[in-house]
Every structure is written in C-alpha cells, then in structure tokens.
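What follows is a single structure, written as structure tokens, with notes after it.
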Amino acid sequence: MKESLKTVANWLQVEGQLIENIMIHGVSIDSRHITKGDLFIPFRGEQVNGHRYVENAFEKGAAASLWLKDEPNPPKDIPLLFVEDAELALQQMARKYREELSCKVIGITGSNGKTSTKDLVASVLSPYFKVKKTEGNFNNELGLPLTILSLEKDTDVAVLEMGMSGFGEISFLSTLAKPDFAVITNIGEAHMQDLGSRAGIAKAKFEIIDGLHAAGKLFYDGDEPLLTPLIAEAKVNAYAFGYEENNDLALHTVHTTDAGSEFSVKRLLEGTFTIPVYGAHQVKNTLAAILIAKELGLSNGQMSEALQAAELTAMRMQPIIGENGALFINDAYNAAPTSMTAALSFIKETELRQEKWVVLGDMLELGEDEQAYHEALSEKIGQMNLTGIALYGSRMKWLYDKLKGQVESQLVWSEGSYEPIVELLKQYTNDESVILLKGSRGMALEKVLEQFTKQEMQ
C-alpha cells in the first residue's frame, strides 16, 4: 500500500497531527519489524500496550502511527492519526484499499487443506501472473487485512486463506476481501467444540460466499454431502471437485511415483498432472487450483509445468530422508479425523518402502466426542500392515488401549516425552522404512524428526 496519510485519514474519517505531505508505504503492527515508510498500528491489550513502542517504531523508520483517542500523552512531534479502535481502523483501511485494487481475489477456506490449496493455487498461477498469497497464518481478522494492505497495485492475483473458530468469522473475512473465486476444501471436525456438529462447521465455512462477487464462482468439495443443501439454497455459481464421478471436475486415477503424485482428471477438463507431494488428499486440493487456473485462461500444458514445480508450506506430506536412510513423511502441521484418515490411507497404499511406520499425536479441538474420534482410528490401523506404531499425547492413550492385543506391530505410547518414540525408531527403522508423522500443531511431532536430521524443522 502506497497512500498519503491524508488519504488514510479520509478513509478512517479521523483527525490527525502533522499529516501533510506524509506518504505511507506499508502497515505494521509489530515495532520489531518496521520497514521504512510504514504506518505503525499500536494495539493495547491486557499484557502489552503498543503505544509504548511508537517512538521506537519511528526510530526504525515508521512514517506515521495510529494513536487511540483515550490513550494519554500522545507525542507532539510525530505524525499521528487519532482513532477509537486500532483493530477496526486496520480493517477499515483494508476495506478501502481493496476497493482500489483491480486484481483477482481468491478466498480459500475449509477444515483441512487450506494452506496446501493456497500454495497449490499460487504455484500454478505464479509463472504467468504476479501473485501474492497469505503468508504463514495471516488468515484471521487481523492477518487478512494486513495481507490485503501488503498487496501492490499491480498484483494480478491475490490468494487469501480464511480461517475461523466460530460462526460469522468467515462471513466477515469474505465481505472484507470480496473474492472473485471462493474455495471450500472440505468439511472436517476441527472446531467441533465451538460449532457443535459437522453440519455447523459446513454452515460456517459456507459463509465464504457472503462476499463473493455476483459473477464470482465457488469451487467446493463435491464429495461432502453436507454442502449439497447449502449449494441448493444459495444463488451462487458453484462447481464441485472430488473423487465421485458426478463432480464437475473428477479424479480419474492417482498414482504415487518417485516424483510425487501423478493423477488424471475428467469432465470439465481432461488431462494428466504431477505434483511433488504425496497423498490423494493433496491431489484433491490440486483440483481447486486447476479449476481456478482454467478460469484464468491457462492451458493444460501451462498448468502441468507449473504444478510439477509447486512448493507447499512445510509439514504437509513433506518427504524427508533421515540420517538413518528412512523416508519420513512429515505431515505434522495439524490433524483432525478427516486428514488423519487421509494420511493413513496414503501409508496403507504406498509402495515407496516395505516397512511402514506411523507416529501419531493427539487430535485437538474435537469437543466432547474426542475419545470416540481417537478410538475410531483403530479400525483403520487394524487394516494396515504396519511394522510399528508410536503414539504421543494424553488423548492417544485411548487409541493405544484399543490397539493393545489387536495388532502385531511394534507399539509404544508416550504422554509427554518424545524420547521413547525416538529410541524405538532409532532401533528399528532404516532405509527400508517409511514413517508418517501426523498430529495436531500443539503436539509438535516435528521434534521427533529433528532427532534424525540434526536441524530444526520449519
């Protein structure tokens, strides 16, 4: 964002001091990461008051700052805009700046796969357009406005991830971003404790259409029956993708290769593509990217070339060779029953290595049925020919108790220490082993992998 401070004052309908002839070249809410020309936005919370860092922000190059009207002793010698609420001001700035942008905006939500889909969409489009995507977890009521304000005027495509924990949040983000295309990757079980049921989760995710342009298009998981009635009631151009034959874009075949996953599609588009990542669920995420790329005029050849070089955020079915020669599949970024089952299915079906291991951590935020969800994994695992199973976290004790006596695999459970799991893997895995790491973010299972790579996983 490059705007005059007077323009920003007009956007916010506020007064300021020393705002003449000041240009803003960006926005920051962290005084430690100020770039020259930034507008600093100080937040005031129970633990930290950002106003204490305003002068430090100017020392690092800030051009101006917001200042809450009820905060005493504003500095007299620096450019300030006086606002009632810093968060609302940030959001209003993003709303106004969005009106000035001519880029195509893609909004992505879903219980699982948001970040991977974001990365895949950006990867397939980046060779042919100037693309900006959500960085890290900047997908909420603060992160999304910051991402919008970081867009340059000549950006062609903005790929925006939208996260939530309750009703109304996706609606707010969607109406702020006004997407041209929207994607619902799937409906899982995360946030069940806040939304009550998978039907509630579906309804909350479907709020993404609230800000969709009248001529915009929604691409959604056509294998999810909970979305069907919502689609039927909504006045939206909707296109389904998935495994089932009746989807507008349907998967035809999926094969695991040394290069990743090779797959073919049919119906709206026919062709064969490869992505450098494992898992049929990642292939399914790629369908959304293909549909958007088709809408923006890319040919099969252009899509194929771009997808082969796709780069996904770390810890999403990421293959890493350990120092003992074992192939680790690092899918430790997050976990819910849907994504856990998908990762287990990959291990069951893969022929990459003969000896198959799983290291599973607790699935968090599942609400009152969390024990049933953990125990239910025993049925899937019981159908797999696993060499070893390592379980980590207090909730995985439920699965451990179900598996005892049921499986012949090596089986270990640890509640609070990675050491028993690491020792088991060091003793029994080698270059014939493939090891899945899968758990919720709070379980930090990448710490296990670090013992085999001697580096901190990002």
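Within each chain, counting starts at residue 1; across the structure tokens, chains are named A, B, ... in the order shown, with ligands numbered 1 upward in that order.
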
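For Ile321 in chain A, the list of residues within 9 Å, based on only C-alpha atoms and with local chain neighbours fewer than 4 positions off taken out, reads Gly325, Ala326, Leu327, Phe328, Ile329, Asp431, Phe452 and Thr453 of chain A.
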
How close does range 255-321 of chain A get to range 88-112 of chain A? List, as CSV, each residue of range 255-321 of chain A within 10 Å, its nearest atom pair and the distance in Å to one decimal, counting only C-alpha atoms.
```
residue,atom,partner,partner_atom,distance
A:His281,CA,A:Asn112,CA,9.5
A:Asn285,CA,A:Asn112,CA,9.6
A:Ala288,CA,A:Ile108,CA,9.7
A:Ile292,CA,A:Ile106,CA,8.7
A:Leu296,CA,A:Lys104,CA,9.3
```

Taking only residues of range 97-153 of chain A that have an atom at most 12 Å from an atom of range 260-277 of chain A, what is each one's shortest atom pair and its distance in Å to one decimal, using only C-alpha atoms, in chain and number order, as CSV?
```
residue,atom,partner,partner_atom,distance
A:Ser116,CA,A:Val277,CA,10.2
A:Asp119,CA,A:Ile275,CA,11.7
A:Leu120,CA,A:Ile275,CA,9.0
A:Ser123,CA,A:Ile275,CA,10.4
A:Val124,CA,A:Ile275,CA,10.3
```

Dump of N, CA and C atoms for the selected residues, as a short mmCIF file (atom, residue, chain, number, x, y, z; two decimals), in the first residue's frame:
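Below you can see part-v7.cif, which holds the result:
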```
data_model
loop_
_atom_site.label_atom_id
_atom_site.label_comp_id
_atom_site.auth_asym_id
_atom_site.auth_seq_id
_atom_site.Cartn_x
_atom_site.Cartn_y
_atom_site.Cartn_z
N SER A 116 -2.37 -25.82 2.04
CA SER A 116 -1.87 -26.54 0.87
C SER A 116 -2.55 -26.07 -0.41
N ASP A 119 -1.17 -22.76 -1.40
CA ASP A 119 0.14 -22.92 -2.01
C ASP A 119 0.03 -23.47 -3.43
N LEU A 120 -0.87 -24.42 -3.64
CA LEU A 120 -1.02 -25.02 -4.97
C LEU A 120 -1.60 -24.02 -5.96
N SER A 123 1.13 -21.62 -6.77
CA SER A 123 2.17 -22.26 -7.58
C SER A 123 1.78 -22.39 -9.04
N VAL A 124 0.52 -22.75 -9.30
CA VAL A 124 0.11 -22.95 -10.68
C VAL A 124 -0.04 -21.62 -11.41
#
```

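In this comparison, which uses only C-alpha atoms, the residue of A:Lys447, A:Glu207, A:Gly367, A:Glu224 approaching Val422 in chain A most closely is A:Lys447.
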
For Leu312 in chain A: contacts at 12 Å, only C-alpha atoms, fewer than 3 positions along chain excluded, given as a VMD selection string: chain A and resid 113 to 124 135 to 136 275 to 278 282 285 to 286 307 to 309 315 to 319 331 333

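Taking only C-alpha atoms into account, Asp221 in chain A lies nearest to A:Thr185 out of the set A:Thr185, A:Asn10, A:Ser409, A:Thr253.
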
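Within the 7 Å cut-off around range 70-79 of chain A, using only C-alpha atoms and omitting residues fewer than 3 positions from it on the same chain, the listed residues are Gln17, Leu18, Ile19, Ala64 and Ser65 of chain A.
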